[in-house]
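Peer 1: Just passing along the structure, written as structure tokens.
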Amino acid sequence: MLDMFPYPSGNGLHVGHPEGYTATDIIGRFKKMNGFNVLHPMGWDAFGLPAEQYAIKTGTHPRVTTEANVANFTKQLKSLGFAYDWYREVNTTDPGYFKWTQWIFLKLYNSYVGDDGKAHPISELEAKGLSRDEIDAKRLAYVSEAPVNWCPQLGTVLANEEVVDGKSEVGGFPVERRPMRQWMLRITAYAQRLIDELDGLDWPESIKLLQRNWIGRSEGAQVKFQIAECGTRNAECITVFTTRPDTLFGATYMVLAPEHPLVPQITTAEQREAVGAYQKSVSSKSDLERTELAKEKSGVFTGAFAINPVNNERIPIWIADYVLMGYGTGAIMAVPAHDERDFEFATKFALPIREVVSDAPRLGGEAGAVCEMEPIVCLSAEGFAVNSGFLNGLPTAEAKKKMACWLEEKGLGKGTTNFKLRDWLFSRQRYWGEPFPIVWEDGNHRCIPESELPLMPPTLEDFKPTGTPEPPLSKATEWVQYSATATRELNTMPQWAGSCWYYLRYCDARNSERFVGVEAERYWMTGSLNAECGTRSAESIPNSEFRTPHSRPGGVDLYVGGTEHAVLHLLYARFWHKVLFDLGYVSTPEPFQRLVNQGLILGEDGQKMSKSRGNVVNPDDVVRDYGADSLRLYEMFMGPLEQVKPWSMKGVEGVYRFLARVWRLVMEVDDEGVWSISKALQDVPANKQLTKALHETIKKCGEDIEKFSFNTAISQMMVCTNAFTGAEVKPAAAIVTFLKVLSPFAPHLAEELNAQIRAQFPSLAADRFLSDETWPAYDPAALIEDEVEVVFQVNGKLRDKARVPVAATKEEIEKIALASARVQEFMEGKPAKKIIVVPGKLVNVVV
RNA sequence: GCCGAUGUGGUGAAAUGGUAAACACAGCGGACUUAAAAUCCGCUGGGAGGAAACUCCCUUGCCGGUUCGAGUCCGGCCAUCGGCACCA
């Protein structure tokens with residue numbers, strides 16, 4: 001049972017946190033009562049920018065801020081009665097924890113992905129005698145000089161994922177592209193598996209789709225275009241990626257990304273100035289400007305021509321910023337008749353547009369004719385090949401295949417798959433993060449020995465960014481000097497690092513020998529029972545769909561958290577987990593079997609909660625005024641867990657009143673205002689009606705908890721309470737049973753009332769905590785009534801109802817229905833054409 | 001533009017294809033009280049008819065379809081929210 005662990009901010013908990021936490025707490029308590037061994041821990045994702053920025057402002061060390069915030073969060077969580085196993089508390093900033101974050105980095109550094117698509121130790125390559133450069137080019141953690149997202153205000157680079165609309169996700173500061181030396185993680189090597197292995201997971205389909213789209217697989221072909229002889233230039237090839245090789249006959253020009261390495265070589269003397277100016281204008285634009293100005297296509301002709309391999313036509317080569325260097329090959333063949341972007345560009349620069357796909361097959365005379373015409377609209381959908389030589393008449397899917405074969409035969413190209421996903425930029429120019437266990441010597445990197453972990457960050461007085469891309473760690477001159485000739489890596493890891501594996505650490509949080517013990521990992525992640533850390537025998541764990549059988553890929557049975565982590569955290573964690581799995585350190589290929597997203601809680605005004613709107617609800621205030629149980633119950637009663645929903649203090653009062661009604665089932669107050677056990681509470685059996693209400697509640701609450709329908713479970717408990725409230729005498733034993741059902745939701749009240757009842761009726765109450773009790777079983781016989789109400793319809797419209805013995809046969813019910821005066825009236829004397837009888841429900845007479 | 005989610009009373013919402021609106025909130029009325037609060041008990045989708053008991057008609061974003069029967073299934077639209085967005 002896993003909650004997304006919080007960043008312990010200075011603001012403390014907001015009411016969004018306890019939403020998911022209450023849900024898992026209820027399920028955890030429920031599962032425990034059903035005999036499961038439940039692991040439900042909590043921890044702190046405590047590295048991060050706010051503490052560091054606070055340090056810059058005030059000089060307070062981030063460790064001090066973090067400790068204070070963690071203490072506050074802990075106090076708050078404990079006040080809500082969450083049954084966390086605090087013995088397993090983890091903190092990403094604890095050296096005992098980040099030692100292993102650094103250790104996992106070393107595994108990444110010392111691994112590569114082989115032809116089997118799995119991670120292997122780098123030592124295998126060394127054994128094969130590969131050179132240092134060849135090995136470095138394969139590592140899962142590698143150094144790149146590629147252009148990165150540099151944010152001057154934050155003084156750090158950011159991952160693509162952390163940049164929104166050209167601004168930093170944190171703070172909204174402008175971000176510029178600049179080349180820097182950075183650590184990257186080769187997540188792209190896992191792109192296909194990250195897509196494929198979603199299949200076995202019980203995640204919301206929408207989240208799976210979000211990840212698939214993010215990874216962005218597309219199938220197509222690479223095509224080589226010869227550069228036509230152009231002045232002094234020698235003939236070279238430009239390779240493009242296209243998803244529509246079937247449209248090759250319609251490629252009337254080519255476009256390279258402005259940064260494409262071939263641009264300087266192919267540009268003619270006449271065009272050099274224009275090309276240079278364009279490149280300069282593009283590179284000086286920030287990402288934000290580039291997207292803002294993207295409405296209008298821009299570009300420049302290089303003066304060079306390429307040969308379309310399929311028809312040997314000379315086609316012009318342009319550069320334009322609508323072609324991105326980072327995707328595919330950074331070059332495209334433009335098919336303006338069948339691609340919106342190319343169409344727009346060709347229209348603007350008066351380039352030829354040739355139709356090669358039609359929505360209906362056209363054969364005969366037209367075939368092979370090169371007609372340069374301008375389609376009024378651009379058809380990007382599939383259709384049938386026209387004006388395309390040997391492809392003519394073929395539907396798009398077949399044309400694609402045929403062209404790919406043709407290209408491969410002629411050595412002009414081949415079928416390929418491309419992914420949008422880029423490698424993960426893994427270094428940050430910050431102080432408050434895990435230092436890299438890496439040193440540099442003679443321009444080469446190497447890892448430090450495991451025995452030197454954890455590598456502690458240096459003690460710094462001055463946390464300010466240097467104002468240059470030089471990280472703040474550079475100020476620790478002594479620390480930096482690893483040896484006479486070697487210096488330490490100055491970057492730190494991003495905040496994602498610690499959260500990529502915290503769920504594994506929970507299994508064995510205090511292990512100092514290993515990131516997680518072998519047995520502990522197997523026991524908790526697979527449900528495998530032959531582990532000494534397990535406290536229960538195989539027999540005591542009921543067979544339930546909740547338990548993870550070995551066939552399921554995911555380890556954690558249930559992971560609850562917000563949608564904001566749908567791609568980043570969940571993708572990164574899956575990637576690390578797979579590497580650890582390939583290397584044999586963990587037992588499952590996926591970290592999280594079942595994922596549930598809780599919906600955002602809005603302010604009372606229906607707006608997103610924020611300080612500036614002044615609509616933030618502080619859980620401490622709610623606990624002070626209504627108690628922890630009311631907060632827990634209201635969070636669950638608001639509506640379905642996954643839904644976005646607005647807060648309402650009136651709603652809190654509603655559940656508070658419900659809890660007060662439960663209290664008064666057991667307790668009564670005298671004239672002096674002193675509460676004592678109620679005289680109405682007696683050692684009597686519940687009557688039939690109350691027994692039915694109770695057993696319906698046991699049944700429905702159990703089912704609803706399994707379905708995450710906490711709101712309807714609470715409704716049912718309200719119904720049950722209302723029934724008890726209406727009874728003259730309160731049957732004590734039945735109320736104790738009800739309290740067991742209530743206890744996962746409102747543990748404080750339930751335990752207190754049980755203790756009160758125990759004092760009066762020692763034999764009727766539970767003699768230990770309700771949380772240690774077994775979930776009550778319901779008696780199906782108690783649910784059955786002697787009579788049920790049956791609805792009579794005529795032509796589907798409700799006309800009458802009657803109480804009928806449950807045992808009544810179809811024929812008997814039909815007879816009663818036809819005998820009804822109201823049914824007769826609406827049948828208007830016509831004969832029944834058809835009579836539908838649903839026993840226990842309804843009769844529908846069709847005339 | 002593409003993808004996804006959601007549309008039900010004044011409000012949060014509930015309903016294995018079978019009595020739409022359970023349970024709450026708000027509102028109204030009553031009991032208790034000198035009074036108020038708290039508590040308890042009722043009423044509470046819209047329209048029409050009736051003195052009343054009651055009766056009929058309409059109603060789950062809109063339009064169609066399947067079915068004896070549709071909030072639920074199918075097709076088409078509209079609105080709101082979220083994600084992606086020159087990804088070739």
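Residues are referred to by chain and number: the chain letter is A, B, ... according to the order shown in the structure tokens, the number counts from 1 in that chain, and ligands are numbered separately from 1 in the order shown.
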Could you work out which residues of chain A fall inside 6 Å of chain B? Count only C-alpha atoms (C1' of nucleotides), and format the result as a ChimeraX atom specification.
Peer 2: /A:242,322,420,651,715,796
Peer 1: Next, write the just-selected residues to a file, as a tab-separated table (two decimals), in the first residue's frame, keeping N, CA and C atoms as the atom set.
Peer 2:
```tsv
chain	number	residue	atom	x	y	z
A	242	THR	N	10.37	9.32	-42.20
A	242	THR	CA	9.00	9.63	-42.57
A	242	THR	C	8.08	8.50	-42.14
A	322	TYR	N	10.59	24.71	-38.42
A	322	TYR	CA	9.51	23.77	-38.10
A	322	TYR	C	10.01	22.34	-38.13
A	420	LYS	N	9.32	9.79	-29.58
A	420	LYS	CA	9.41	11.19	-29.17
A	420	LYS	C	10.23	11.34	-27.89
A	651	GLY	N	-20.37	20.56	4.35
A	651	GLY	CA	-20.29	19.11	4.20
A	651	GLY	C	-19.54	18.48	5.37
A	715	SER	N	-22.47	6.47	3.10
A	715	SER	CA	-23.93	6.61	3.01
A	715	SER	C	-24.62	5.46	3.71
A	796	GLY	N	-44.16	-0.27	-20.25
A	796	GLY	CA	-42.94	0.34	-19.73
A	796	GLY	C	-43.17	1.47	-18.77
```
Peer 1: Env of Thr243 in chain A: 8 Å cut, atoms = only C-alpha atoms (C1' of nucleotides), seq-sep filter 5 positions within chain, self excluded. Answer as an NGL selection string.
Peer 2: (:A and (218-221)) or (:B and (88))
Peer 1: Do you know which residues are at most 10 Å from G9 in chain B counting only C-alpha atoms (C1' of nucleotides), after dropping those on the same chain fewer than 2 positions away, and could you put them as a list in words?
Peer 2: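 Those residues are U11, A21, U44, G45 and G46 of chain B.
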Peer 1: Could you give me, as a ChimeraX atom specification, the residues within 12 Å of Glu635 in chain A, counting only C-alpha atoms (C1' of nucleotides) and dropping anything in the same chain fewer than 2 positions from it?
Peer 2: /A:14-23,26,80,598-602,619,622,628-633,637-649,651-652,654-656,710-711,714,745-746 /B:12
Peer 1: Counting only C-alpha atoms (C1' of nucleotides), what is within 7 Å of Pro471 in chain A, bar same-chain residues fewer than 4 positions away, as a list in words?
Peer 2: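 Listed by chain and then number, they are Gln429, Arg430, Pro465, Thr466, Leu490 and Asn491 of chain A.
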Peer 1: Let's have the selection written as a tab-separated table (two decimals), in the first residue's frame, with N, CA and C atoms.
Peer 2:
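And here's again06.tsv as it stands now:
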```tsv
chain	number	residue	atom	x	y	z
A	429	GLN	N	22.30	22.14	-11.38
A	429	GLN	CA	23.32	22.98	-10.78
A	429	GLN	C	22.78	23.50	-9.45
A	430	ARG	N	22.64	22.58	-8.52
A	430	ARG	CA	22.06	22.95	-7.24
A	430	ARG	C	22.92	22.44	-6.12
A	465	PRO	N	23.53	30.73	-6.20
A	465	PRO	CA	24.03	30.27	-7.51
A	465	PRO	C	25.20	31.15	-7.91
A	466	THR	N	26.09	30.59	-8.71
A	466	THR	CA	27.28	31.35	-9.10
A	466	THR	C	26.94	32.39	-10.15
A	490	LEU	N	30.56	18.32	-10.14
A	490	LEU	CA	29.98	19.43	-9.38
A	490	LEU	C	28.46	19.47	-9.43
A	491	ASN	N	27.86	18.75	-10.39
A	491	ASN	CA	26.41	18.74	-10.49
A	491	ASN	C	25.80	17.87	-9.38
```
Peer 1: Which of range 247-321 of chain A end up as strand (DSSP E) when DSSP is run on this backbone - answer as a list in words?
Peer 2: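 Output for range 247-321 of chain A, strand (DSSP E) only: Tyr253, Met254, Val255, Leu256, Val300, Phe301, Thr302, Gly303, Ala304, Phe305, Ala306, Ile307, Arg314, Ile315, Pro316, Ile317, Trp318 and Ile319 of chain A.
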Peer 1: For each of A:Glu382, A:Gly200, A:Cys507, A:Gly840, take the minimum atom-to-atom distance to Arg552 in chain A, counting only C-alpha atoms, then give the residue where this is smallest.
Peer 2: A:Gly200
Peer 1: Env of Ala573 in chain A: 9 Å cut, atoms = only C-alpha atoms (C1' of nucleotides), seq-sep filter 2 positions within chain, self excluded. Answer as a list of chain:residue names.
Peer 2: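 The contact residues come out as A:Trp496, A:Ala497, A:Ser499, A:Cys500, A:Trp501, A:Leu568, A:His569, A:Leu570, A:Leu571, A:Phe575, A:Trp576, A:His577, A:Lys578, A:Pro591.
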Peer 1: Check the smallest atom-to-atom distance from each of A:Asp620, A:Asp342, A:Asp786, A:Glu452 to Met254 in chain A using only C-alpha atoms, then report the winner.
Peer 2: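 That would be A:Asp342, the residue with the smallest distance to Met254 in chain A.
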Peer 1: Could you pull out the alpha helix (DSSP H) residues of range 678-771 of chain A, going by DSSP on the backbone, and write them as number ranges by chain?
Peer 2: A: 688-706, 710-726, 732-742, 747-760
Peer 1: What's the 12 Å shell around range 823-835 of chain A, counting only C-alpha atoms (C1' of nucleotides), without same-chain residues fewer than 2 positions away, as a VMD selection string?
Peer 2: (chain A and resid 791 to 802 810 to 811 813 to 821 837 to 838 842 to 847) or (chain B and resid 68 to 69)
Peer 1: The selected residues should be written to file as a PDB file, in the first residue's frame (atoms: C-alpha atoms (C1' of nucleotides)).
Peer 2:
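Saved file out-v1.pdb follows:
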```pdb
ATOM      1  CA  VAL A 791     -43.452  -2.827  -9.722  1.00  0.00           C
ATOM      2  CA  PHE A 792     -46.178  -3.223 -12.321  1.00  0.00           C
ATOM      3  CA  GLN A 793     -45.696  -1.494 -15.643  1.00  0.00           C
ATOM      4  CA  VAL A 794     -47.950  -1.175 -18.660  1.00  0.00           C
ATOM      5  CA  ASN A 795     -45.997  -0.477 -21.824  1.00  0.00           C
ATOM      6  CA  GLY A 796     -42.943   0.341 -19.729  1.00  0.00           C
ATOM      7  CA  LYS A 797     -44.715   2.919 -17.587  1.00  0.00           C
ATOM      8  CA  LEU A 798     -45.029   2.482 -13.849  1.00  0.00           C
ATOM      9  CA  ARG A 799     -48.725   2.031 -12.960  1.00  0.00           C
ATOM     10  CA  ASP A 800     -48.889   0.108  -9.712  1.00  0.00           C
ATOM     11  CA  LYS A 801     -46.863  -1.777  -7.143  1.00  0.00           C
ATOM     12  CA  ALA A 802     -47.562  -4.520  -4.659  1.00  0.00           C
ATOM     13  CA  LYS A 810     -43.237 -15.904 -12.124  1.00  0.00           C
ATOM     14  CA  GLU A 811     -46.731 -17.130 -12.831  1.00  0.00           C
ATOM     15  CA  ILE A 813     -46.527 -12.570  -9.776  1.00  0.00           C
ATOM     16  CA  GLU A 814     -47.934 -12.220 -13.276  1.00  0.00           C
ATOM     17  CA  LYS A 815     -51.373 -13.149 -11.960  1.00  0.00           C
ATOM     18  CA  ILE A 816     -51.178 -10.548  -9.210  1.00  0.00           C
ATOM     19  CA  ALA A 817     -50.100  -7.910 -11.725  1.00  0.00           C
ATOM     20  CA  LEU A 818     -52.916  -8.644 -14.154  1.00  0.00           C
ATOM     21  CA  ALA A 819     -55.376  -8.553 -11.282  1.00  0.00           C
ATOM     22  CA  SER A 820     -54.358  -4.991 -10.388  1.00  0.00           C
ATOM     23  CA  ALA A 821     -57.135  -2.502 -11.058  1.00  0.00           C
ATOM     24  CA  VAL A 837     -41.655 -10.786 -15.388  1.00  0.00           C
ATOM     25  CA  VAL A 838     -38.459 -10.070 -13.467  1.00  0.00           C
ATOM     26  CA  LEU A 842     -41.176  -5.911 -11.858  1.00  0.00           C
ATOM     27  CA  VAL A 843     -43.836  -6.992 -14.291  1.00  0.00           C
ATOM     28  CA  ASN A 844     -44.166  -5.207 -17.622  1.00  0.00           C
ATOM     29  CA  VAL A 845     -47.376  -5.774 -19.574  1.00  0.00           C
ATOM     30  CA  VAL A 846     -47.138  -4.821 -23.255  1.00  0.00           C
ATOM     31  CA  VAL A 847     -50.441  -4.265 -25.067  1.00  0.00           C
TER      32      VAL A 847
ATOM     33  C1'   C B  68     -40.953  -4.774 -23.546  1.00  0.00           C
ATOM     34  C1'   G B  69     -37.919  -1.154 -20.815  1.00  0.00           C
TER      35        G B  69
END
```
Peer 1: One decimal, Å: what's the distance from CA of Glu434 in chain A over to CA of Asp45 in chain A, could you say?
Peer 2: 12.2 Å
Peer 1: Enter the distance from CA of Tyr482 in chain A to CA of Leu130 in chain A, in Å, rounded to one decimal.
Peer 2: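 Answer for the CA of Tyr482 in chain A to CA of Leu130 in chain A separation: 27.6 Å.
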Peer 1: For CA of Thr101 in chain A and CA of Lys78 in chain A, determine how far apart the two atoms are, in Å to one decimal place.
Peer 2: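 Taking CA of Thr101 in chain A as the start and CA of Lys78 in chain A as the end point, the length is 27.7 Å.
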